[in-house]
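Q: Here it is: the structure, laid out below.
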Protein chains: 2
Amino acid sequence: MFETAELGRSIPKKEFEAEVQDLRTQLLSIQQDLRKCDFPVIIVMAGVDGAGKGSTVNALNEWMDSRWIDNNAYVRHSDEESERPPYWRYWRDLPPKGKIGIFLSSWYSSPLLDNVYGKINRAEFDERLDRIKAFEKTLADDGALILKFWMHLGKEDQKKRLKKLEKNELQSWRVKESDWNHWRMYDDFTDSAERLIMRTSKGHAPWSIVEGMDTRYASVTVAKQVRDAILRHMDVRKTQKETLEQLKKKQAAEKKPAAKKVDKDAAVKPLPYPTVLSSLDMSKTVEKDAYKSELKTLQGRLNMLSRKASDKGISTVLVFEGSDAAGKGGNIRRITGALDARIYKVLPFAAPNDEERAHHYLWRFWRHMSRAGRMTIFDRSWYGRVLVERCEGFAREEEWRRAYGEIVDFEDQIVDHGTVLLKFWIHITPDEQLERFKAREVTPWKQWKLTDEDWRNREKWSDYEEAVNDLVEKTSTSNAPWLLVEGNDKKFARIKVLRAVCKALEERLKQK
Amino acid sequence: MFETAELGRSIPKKEFEAEVQDLRTQLLSIQQDLRKCDFPVIIVMAGVDGAGKGSTVNALNEWMDSRWIDNNAYVRHSDEESERPPYWRYWRDLPPKGKIGIFLSSWYSSPLLDNVYGKINRAEFDERLDRIKAFEKTLADDGALILKFWMHLGKEDQKKRLKKLEKNELQSWRVKESDWNHWRMYDDFTDSAERLIMRTSKGHAPWSIVEGMDTRYASVTVAKQVRDAILRHMDVRKTQKETLEQLKKKQAAEKKPAAKKVDKDAAVKPLPYPTVLSSLDMSKTVEKDAYKSELKTLQGRLNMLSRKASDKGISTVLVFEGSDAAGKGGNIRRITGALDARIYKVLPFAAPNDEERAHHYLWRFWRHMSRAGRMTIFDRSWYGRVLVERCEGFAREEEWRRAYGEIVDFEDQIVDHGTVLLKFWIHITPDEQLERFKAREVTPWKQWKLTDEDWRNREKWSDYEEAVNDLVEKTSTSNAPWLLVEGNDKKFARIKVLRAVCKALEERLKQK
């Protein structure tokens, strides 16, 4: 695989200087255009020690406007990082739309080293590479341009390079004892690297192997590829955008105009086939006295369990979704009422802010992953993508369709990290909702909860029901199952939810 | 001081339940109104161990909508926290406008403990309290409502409470060995607490002492005070807003309409008195060959120094300000060109995004404080408050006037933490600016840099000059002096800046 990168290519100094002059002008001008584009550029630099990763990154930074490039390099995990799923630190450093992010010692670093050092076998290595593939696909699907450069040196060349660096006073710091160790393991590295490149080189995130013997050649080669790839991607995105706009216009022309006025008495049209929701027994209730005593017992249990989990550094993530007025808030309050205020956070999600909009839709949820031992309660969540964004047309069909897979992968990472993850769909019937809406209309301090939007959502009841059915089908995994909660009787729902949280914590505590 | 909090006040259960019903309704409705207000609510809970801080916070959370309350509690510093100035962790947790943030074991915790344990003497204790005062004043001036509750128990009552908690299976975890230690030091705690409360109780951030023997009484008392304070603050802010709007209208009526068309040939009017800028010798230059060789030497030196600093965990913050086209970017590139891309970040600042706008103007800069050993380069900075926001009227006079003090305090914290802080004002003459603007107009890849706004800023040259003069006068401290850079000759400026950075790093490295 690396033969073509051992040809001894180089650029003479004079030629280099002339070429760089043009390159800089082009790169700077591209950066300016990029700022107006709706995609980020992600550049991964990896490869053999001493093959000029650092000097190439420095060249890119020198040639471009450093205000629109971010450099990210990773060493050991900080404690804040190791208390979250491993990809948290990459997510939080992802560049927003219009910017370039360069990643050194990136997500490829630890799988490669672990494999070379024999800490993980081939199957585990492949699994780690699969996670990378999913990560990059998620970003690329959202429009990100991903470029990956593997800087290569032949075995003898690497030896020469390391010796040369050691002699140079200004460069000797670059050579560490581990570099020589790695050199001795050169063949193992090459084997693992080959597998890594083969398995993770995709059309949307290709690897490019760059000969690293001549730093001038390496820098110019990488810079030119970056330049060309950005220009190409701008074209592609532009065409996509135009096509989408035409499609939108066409759809808009075909669509009947929506009724201006909200019809509060309109009957909800049921779906003509059964769904996971229609199969729920919505008549379930619990008696007031039984409720009171069980609530108290469960809250006491939850209090004990949550403290034990916190002491052991076990995090919990609870997701609450449900129709409007289903009682998410009331359920959440019964949980937080049992908890020490120091260990939980309730995070309500509505429309994203502009910084969040400049990132992948999952970014804002990654951002809020809590540290070890905390309970994070999401009042609405990443499922917005396949619920409101789907039903209201904020996300295109291909976007919400691929979101299921992205979400499953995201949740896998949470669970793999040892976090307890529970997802609740609180369900009520259309009639019950109507009653609650009407009650809200007359209760002064609840009026704010009811908007015209709620009435309009109600008109789309069957769309939402279909969306919920799909969501359960596609994202209820053994790792992170959905719990459907019959919510017509608030007391019944609260007990069911509390029981589930206690049970999950108990099981998790047994494991540790 | 605490006598009035040892009166044995309590609320019977029946009365409590009736009262809570109303309180909840009121609090929930207030929270809804608060969401539309332009200020955050900051609640500090402190006091004697066992006096019901936790149970009061839990009550507040239970009674209000947990989506608009955030609870923050602090234990040991995480490594990410200890690599930044101590207040970083509080800044990053501050609630945005419209939300309530509750702080347990807050900024008061470590000064108090350190004083009681004799780690700091009275003078140092006072100094730490002064920092707190400055912090709270900064937030209050920006509109924040700050409420601080000291939960109190008499010495014998505390003993009883701790014993009672120990007996209760569900509560015994609350009592730690350190609580009994603290009880033995009760009188020392009371002494320090008195001083703390006396010195930090201000009109804009008052302490309220609450008797903690009866948890029902304590919760209701705190909740009522929170309710009343928010309502009062809403009124105050509303009146302020109305007054400001009237003032604005009046000013707008008096103001002459601005010239619609940009006059590119208008001469810049000089100020009739000398300023720090007019006293600069703008004819300074450096020869091309001397520049080339010195640039190389300085960049080599900087590279060595920056690596040493990084190894020792010394952070550097560089601030670049200057007129449009003064060459900030070129100066920054000469610095970053000498650095390993892994250790620096360039942060350009323009208008804040909406999440940033919902916080104090310093919040977004606190947010970007880097970890230990990194160099952070601010391309424009917090000085925007006293430059563009002052000159364009985005900040009111009282706002930018008090910003000087806020900024000095902010920078003190950076320097106290051991960070190297340098501030550069790159200056050019109006004639030089005109030439550069005209050159930009004809250079294709520089055109984006030049906007009508730049021409308009130019018309306000003397306003900016006055602002710079004030800024140097008020924020050039021995801790964090301004370096004024004669920028008409770009080469001269770059050498001067590089020299200053090297010198500062050298001096800092000698200390450690």
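Chain identifiers are assigned as A, B, and so on, following the order in which chains appear in the structure tokens; residues are numbered from 1 within each chain, and ligands are numbered from 1 in order of appearance.
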Do you have, as CSV, the list of residues of chain B lying at most 6 Å from chain A, each with its nearest atom pair and that distance in Å to one decimal, counting only C-alpha atoms and ordered by chain then number?

A:
residue,atom,partner,partner_atom,distance
B:Ser29,CA,A:Trp445,CA,5.1
B:Asn58,CA,A:Ala341,CA,5.8
B:Glu62,CA,A:Gly337,CA,5.5
B:Arg67,CA,A:Pro348,CA,5.5
B:Ala73,CA,A:Arg342,CA,5.4
B:Gly337,CA,A:Glu62,CA,5.5
B:Ala341,CA,A:Asn58,CA,5.8
B:Arg342,CA,A:Ala73,CA,5.4
B:Val346,CA,A:Arg67,CA,5.7
B:Pro348,CA,A:Arg67,CA,5.5
B:Trp445,CA,A:Ser29,CA,5.2

Q: From the set B:Cys502, B:Met369, B:Ala123, B:Val408, which residue has the shortest atom-to-atom contact distance to Arg92 (chain B), counting only C-alpha atoms?

A: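 Selected residue with least distance to Arg92 (chain B): B:Met369.
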
Q: Would you please give, as a PyMOL selection string, all residues of region 200-430 of chain B that DSSP assigns to strand (DSSP E) based on the backbone?

A: chain B and resi 207-211+316-322+344-348+375-379+420-427

Q: I'd like the contact shell of region 386-400 of chain A - 12 Å cut-off, only C-alpha atoms, skipping same-chain residues fewer than 3 positions apart - returned as a ChimeraX atom specification.

A: /A:138-143,244-245,247-248,251-252,321-324,349-352,360-361,380-383,403-407,425,453-454,456-472,474-475

Q: Run DSSP on the backbone and grab whatever in region 49-185 of chain B lands in alpha helix (DSSP H); send it over as a ChimeraX atom specification.

A: /B:53-63,79-82,88-93,109-116,122-141,155-167,177-184

Q: Just checking: using only C-alpha atoms, which residue out of B:Thr316, B:Thr451, B:Gln158, B:Ser279 ends up closest to Lys264 (chain B)?

A: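 Nearest to Lys264 (chain B): B:Thr451.
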
Q: Residues at most 10 Å from Glu294 (chain A), counting only C-alpha atoms, excluding those fewer than 6 positions away in the same chain, as a PyMOL selection string?

A: chain A and resi 288+300+495+498-499

Q: Write out the residues from the selection above, keeping N, CA and C atoms, as a compact mmCIF listing (two decimals), in the first residue's frame.

A:
# COMPACT_ATOMS: atom_id res chain seq x y z
N LYS A 288 -55.65 6.33 44.69
CA LYS A 288 -54.97 7.45 45.32
C LYS A 288 -54.13 7.03 46.52
N GLY A 300 -38.03 7.03 48.23
CA GLY A 300 -37.00 6.68 49.19
C GLY A 300 -35.96 5.76 48.58
N ILE A 495 -45.78 6.20 38.81
CA ILE A 495 -45.31 4.99 39.50
C ILE A 495 -44.54 4.10 38.53
N LEU A 498 -41.08 5.71 37.90
CA LEU A 498 -40.19 5.60 39.06
C LEU A 498 -39.70 4.17 39.26
N ARG A 499 -40.61 3.23 39.10
CA ARG A 499 -40.23 1.82 39.24
C ARG A 499 -39.14 1.45 38.26

Q: Applying 9 Å and only C-alpha atoms, which residues near region 214-223 of chain B remain after dropping the ones on its own chain fewer than 2 positions away? List them as a ChimeraX atom specification.

A: /B:8-13,16,19-20,23,27,51-53,55-60,63,149,151,208,210-212,225-228

Q: Go ahead and write the selection's residues with N, CA and C atoms as a PDB file, in the first residue's frame.

A:
ATOM      1  N   GLY B   8     -36.134  29.556  67.450  1.00  0.00           N
ATOM      2  CA  GLY B   8     -37.000  28.381  67.453  1.00  0.00           C
ATOM      3  C   GLY B   8     -38.252  28.530  66.607  1.00  0.00           C
ATOM      4  N   ARG B   9     -38.162  29.318  65.529  1.00  0.00           N
ATOM      5  CA  ARG B   9     -39.340  29.476  64.677  1.00  0.00           C
ATOM      6  C   ARG B   9     -39.623  28.197  63.907  1.00  0.00           C
ATOM      7  N   SER B  10     -40.899  27.903  63.752  1.00  0.00           N
ATOM      8  CA  SER B  10     -41.266  26.708  62.986  1.00  0.00           C
ATOM      9  C   SER B  10     -42.645  26.903  62.392  1.00  0.00           C
ATOM     10  N   ILE B  11     -42.979  26.061  61.461  1.00  0.00           N
ATOM     11  CA  ILE B  11     -44.315  26.098  60.853  1.00  0.00           C
ATOM     12  C   ILE B  11     -44.950  24.730  61.028  1.00  0.00           C
ATOM     13  N   PRO B  12     -46.160  24.653  61.583  1.00  0.00           N
ATOM     14  CA  PRO B  12     -46.834  23.357  61.722  1.00  0.00           C
ATOM     15  C   PRO B  12     -47.179  22.787  60.345  1.00  0.00           C
ATOM     16  N   LYS B  13     -47.277  21.476  60.291  1.00  0.00           N
ATOM     17  CA  LYS B  13     -47.439  20.787  59.013  1.00  0.00           C
ATOM     18  C   LYS B  13     -48.657  21.261  58.221  1.00  0.00           C
ATOM     19  N   PHE B  16     -48.164  24.638  56.827  1.00  0.00           N
ATOM     20  CA  PHE B  16     -47.143  24.505  55.777  1.00  0.00           C
ATOM     21  C   PHE B  16     -47.766  24.060  54.467  1.00  0.00           C
ATOM     22  N   GLU B  19     -49.807  26.714  52.841  1.00  0.00           N
ATOM     23  CA  GLU B  19     -48.960  27.798  52.354  1.00  0.00           C
ATOM     24  C   GLU B  19     -48.221  27.381  51.072  1.00  0.00           C
ATOM     25  N   VAL B  20     -47.744  26.139  51.075  1.00  0.00           N
ATOM     26  CA  VAL B  20     -46.968  25.668  49.930  1.00  0.00           C
ATOM     27  C   VAL B  20     -47.804  25.660  48.653  1.00  0.00           C
ATOM     28  N   LEU B  23     -47.728  29.088  47.312  1.00  0.00           N
ATOM     29  CA  LEU B  23     -46.346  29.418  46.944  1.00  0.00           C
ATOM     30  C   LEU B  23     -45.968  28.809  45.594  1.00  0.00           C
ATOM     31  N   LEU B  27     -44.753  30.747  42.409  1.00  0.00           N
ATOM     32  CA  LEU B  27     -43.394  30.555  41.897  1.00  0.00           C
ATOM     33  C   LEU B  27     -43.395  30.118  40.438  1.00  0.00           C
ATOM     34  N   ALA B  51     -27.975  22.521  58.552  1.00  0.00           N
ATOM     35  CA  ALA B  51     -29.007  23.539  58.724  1.00  0.00           C
ATOM     36  C   ALA B  51     -30.036  23.514  57.606  1.00  0.00           C
ATOM     37  N   GLY B  52     -29.992  22.484  56.773  1.00  0.00           N
ATOM     38  CA  GLY B  52     -31.062  22.328  55.798  1.00  0.00           C
ATOM     39  C   GLY B  52     -30.830  23.000  54.454  1.00  0.00           C
ATOM     40  N   LYS B  53     -29.568  23.206  54.074  1.00  0.00           N
ATOM     41  CA  LYS B  53     -29.303  23.768  52.741  1.00  0.00           C
ATOM     42  C   LYS B  53     -29.862  22.835  51.671  1.00  0.00           C
ATOM     43  N   SER B  55     -32.073  20.381  51.864  1.00  0.00           N
ATOM     44  CA  SER B  55     -33.523  20.179  51.813  1.00  0.00           C
ATOM     45  C   SER B  55     -34.229  21.427  51.275  1.00  0.00           C
ATOM     46  N   THR B  56     -33.671  22.600  51.557  1.00  0.00           N
ATOM     47  CA  THR B  56     -34.281  23.810  51.007  1.00  0.00           C
ATOM     48  C   THR B  56     -34.128  23.866  49.491  1.00  0.00           C
ATOM     49  N   VAL B  57     -32.940  23.516  49.022  1.00  0.00           N
ATOM     50  CA  VAL B  57     -32.727  23.492  47.574  1.00  0.00           C
ATOM     51  C   VAL B  57     -33.663  22.472  46.930  1.00  0.00           C
ATOM     52  N   ASN B  58     -33.797  21.327  47.557  1.00  0.00           N
ATOM     53  CA  ASN B  58     -34.722  20.336  47.014  1.00  0.00           C
ATOM     54  C   ASN B  58     -36.153  20.863  46.977  1.00  0.00           C
ATOM     55  N   ALA B  59     -36.535  21.579  48.009  1.00  0.00           N
ATOM     56  CA  ALA B  59     -37.890  22.139  48.028  1.00  0.00           C
ATOM     57  C   ALA B  59     -38.065  23.135  46.883  1.00  0.00           C
ATOM     58  N   LEU B  60     -37.101  24.015  46.698  1.00  0.00           N
ATOM     59  CA  LEU B  60     -37.201  24.994  45.608  1.00  0.00           C
ATOM     60  C   LEU B  60     -37.352  24.274  44.273  1.00  0.00           C
ATOM     61  N   TRP B  63     -40.811  22.713  43.968  1.00  0.00           N
ATOM     62  CA  TRP B  63     -41.910  23.663  43.811  1.00  0.00           C
ATOM     63  C   TRP B  63     -41.869  24.404  42.479  1.00  0.00           C
ATOM     64  N   PHE B 149     -28.366  33.075  50.879  1.00  0.00           N
ATOM     65  CA  PHE B 149     -29.000  32.623  52.110  1.00  0.00           C
ATOM     66  C   PHE B 149     -27.997  31.920  53.003  1.00  0.00           C
ATOM     67  N   MET B 151     -27.929  29.632  56.109  1.00  0.00           N
ATOM     68  CA  MET B 151     -28.782  28.800  56.940  1.00  0.00           C
ATOM     69  C   MET B 151     -28.067  28.597  58.276  1.00  0.00           C
ATOM     70  N   SER B 208     -29.120  36.851  53.574  1.00  0.00           N
ATOM     71  CA  SER B 208     -30.278  36.742  54.432  1.00  0.00           C
ATOM     72  C   SER B 208     -30.016  35.549  55.346  1.00  0.00           C
ATOM     73  N   VAL B 210     -31.171  32.681  57.737  1.00  0.00           N
ATOM     74  CA  VAL B 210     -32.410  31.924  57.895  1.00  0.00           C
ATOM     75  C   VAL B 210     -32.232  30.884  58.986  1.00  0.00           C
ATOM     76  N   GLU B 211     -33.164  30.850  59.892  1.00  0.00           N
ATOM     77  CA  GLU B 211     -33.117  29.869  60.974  1.00  0.00           C
ATOM     78  C   GLU B 211     -33.381  28.479  60.403  1.00  0.00           C
ATOM     79  N   GLY B 212     -32.472  27.562  60.686  1.00  0.00           N
ATOM     80  CA  GLY B 212     -32.538  26.280  59.988  1.00  0.00           C
ATOM     81  C   GLY B 212     -33.069  25.112  60.792  1.00  0.00           C
ATOM     82  N   GLN B 225     -38.829  34.622  50.066  1.00  0.00           N
ATOM     83  CA  GLN B 225     -37.878  35.695  49.777  1.00  0.00           C
ATOM     84  C   GLN B 225     -37.475  35.686  48.307  1.00  0.00           C
ATOM     85  N   VAL B 226     -37.318  34.488  47.762  1.00  0.00           N
ATOM     86  CA  VAL B 226     -36.986  34.386  46.345  1.00  0.00           C
ATOM     87  C   VAL B 226     -38.118  34.981  45.513  1.00  0.00           C
ATOM     88  N   ARG B 227     -39.325  34.578  45.842  1.00  0.00           N
ATOM     89  CA  ARG B 227     -40.502  35.079  45.128  1.00  0.00           C
ATOM     90  C   ARG B 227     -40.553  36.609  45.161  1.00  0.00           C
ATOM     91  N   ASP B 228     -40.467  37.163  46.363  1.00  0.00           N
ATOM     92  CA  ASP B 228     -40.601  38.617  46.495  1.00  0.00           C
ATOM     93  C   ASP B 228     -39.459  39.353  45.796  1.00  0.00           C
TER      94      ASP B 228
END
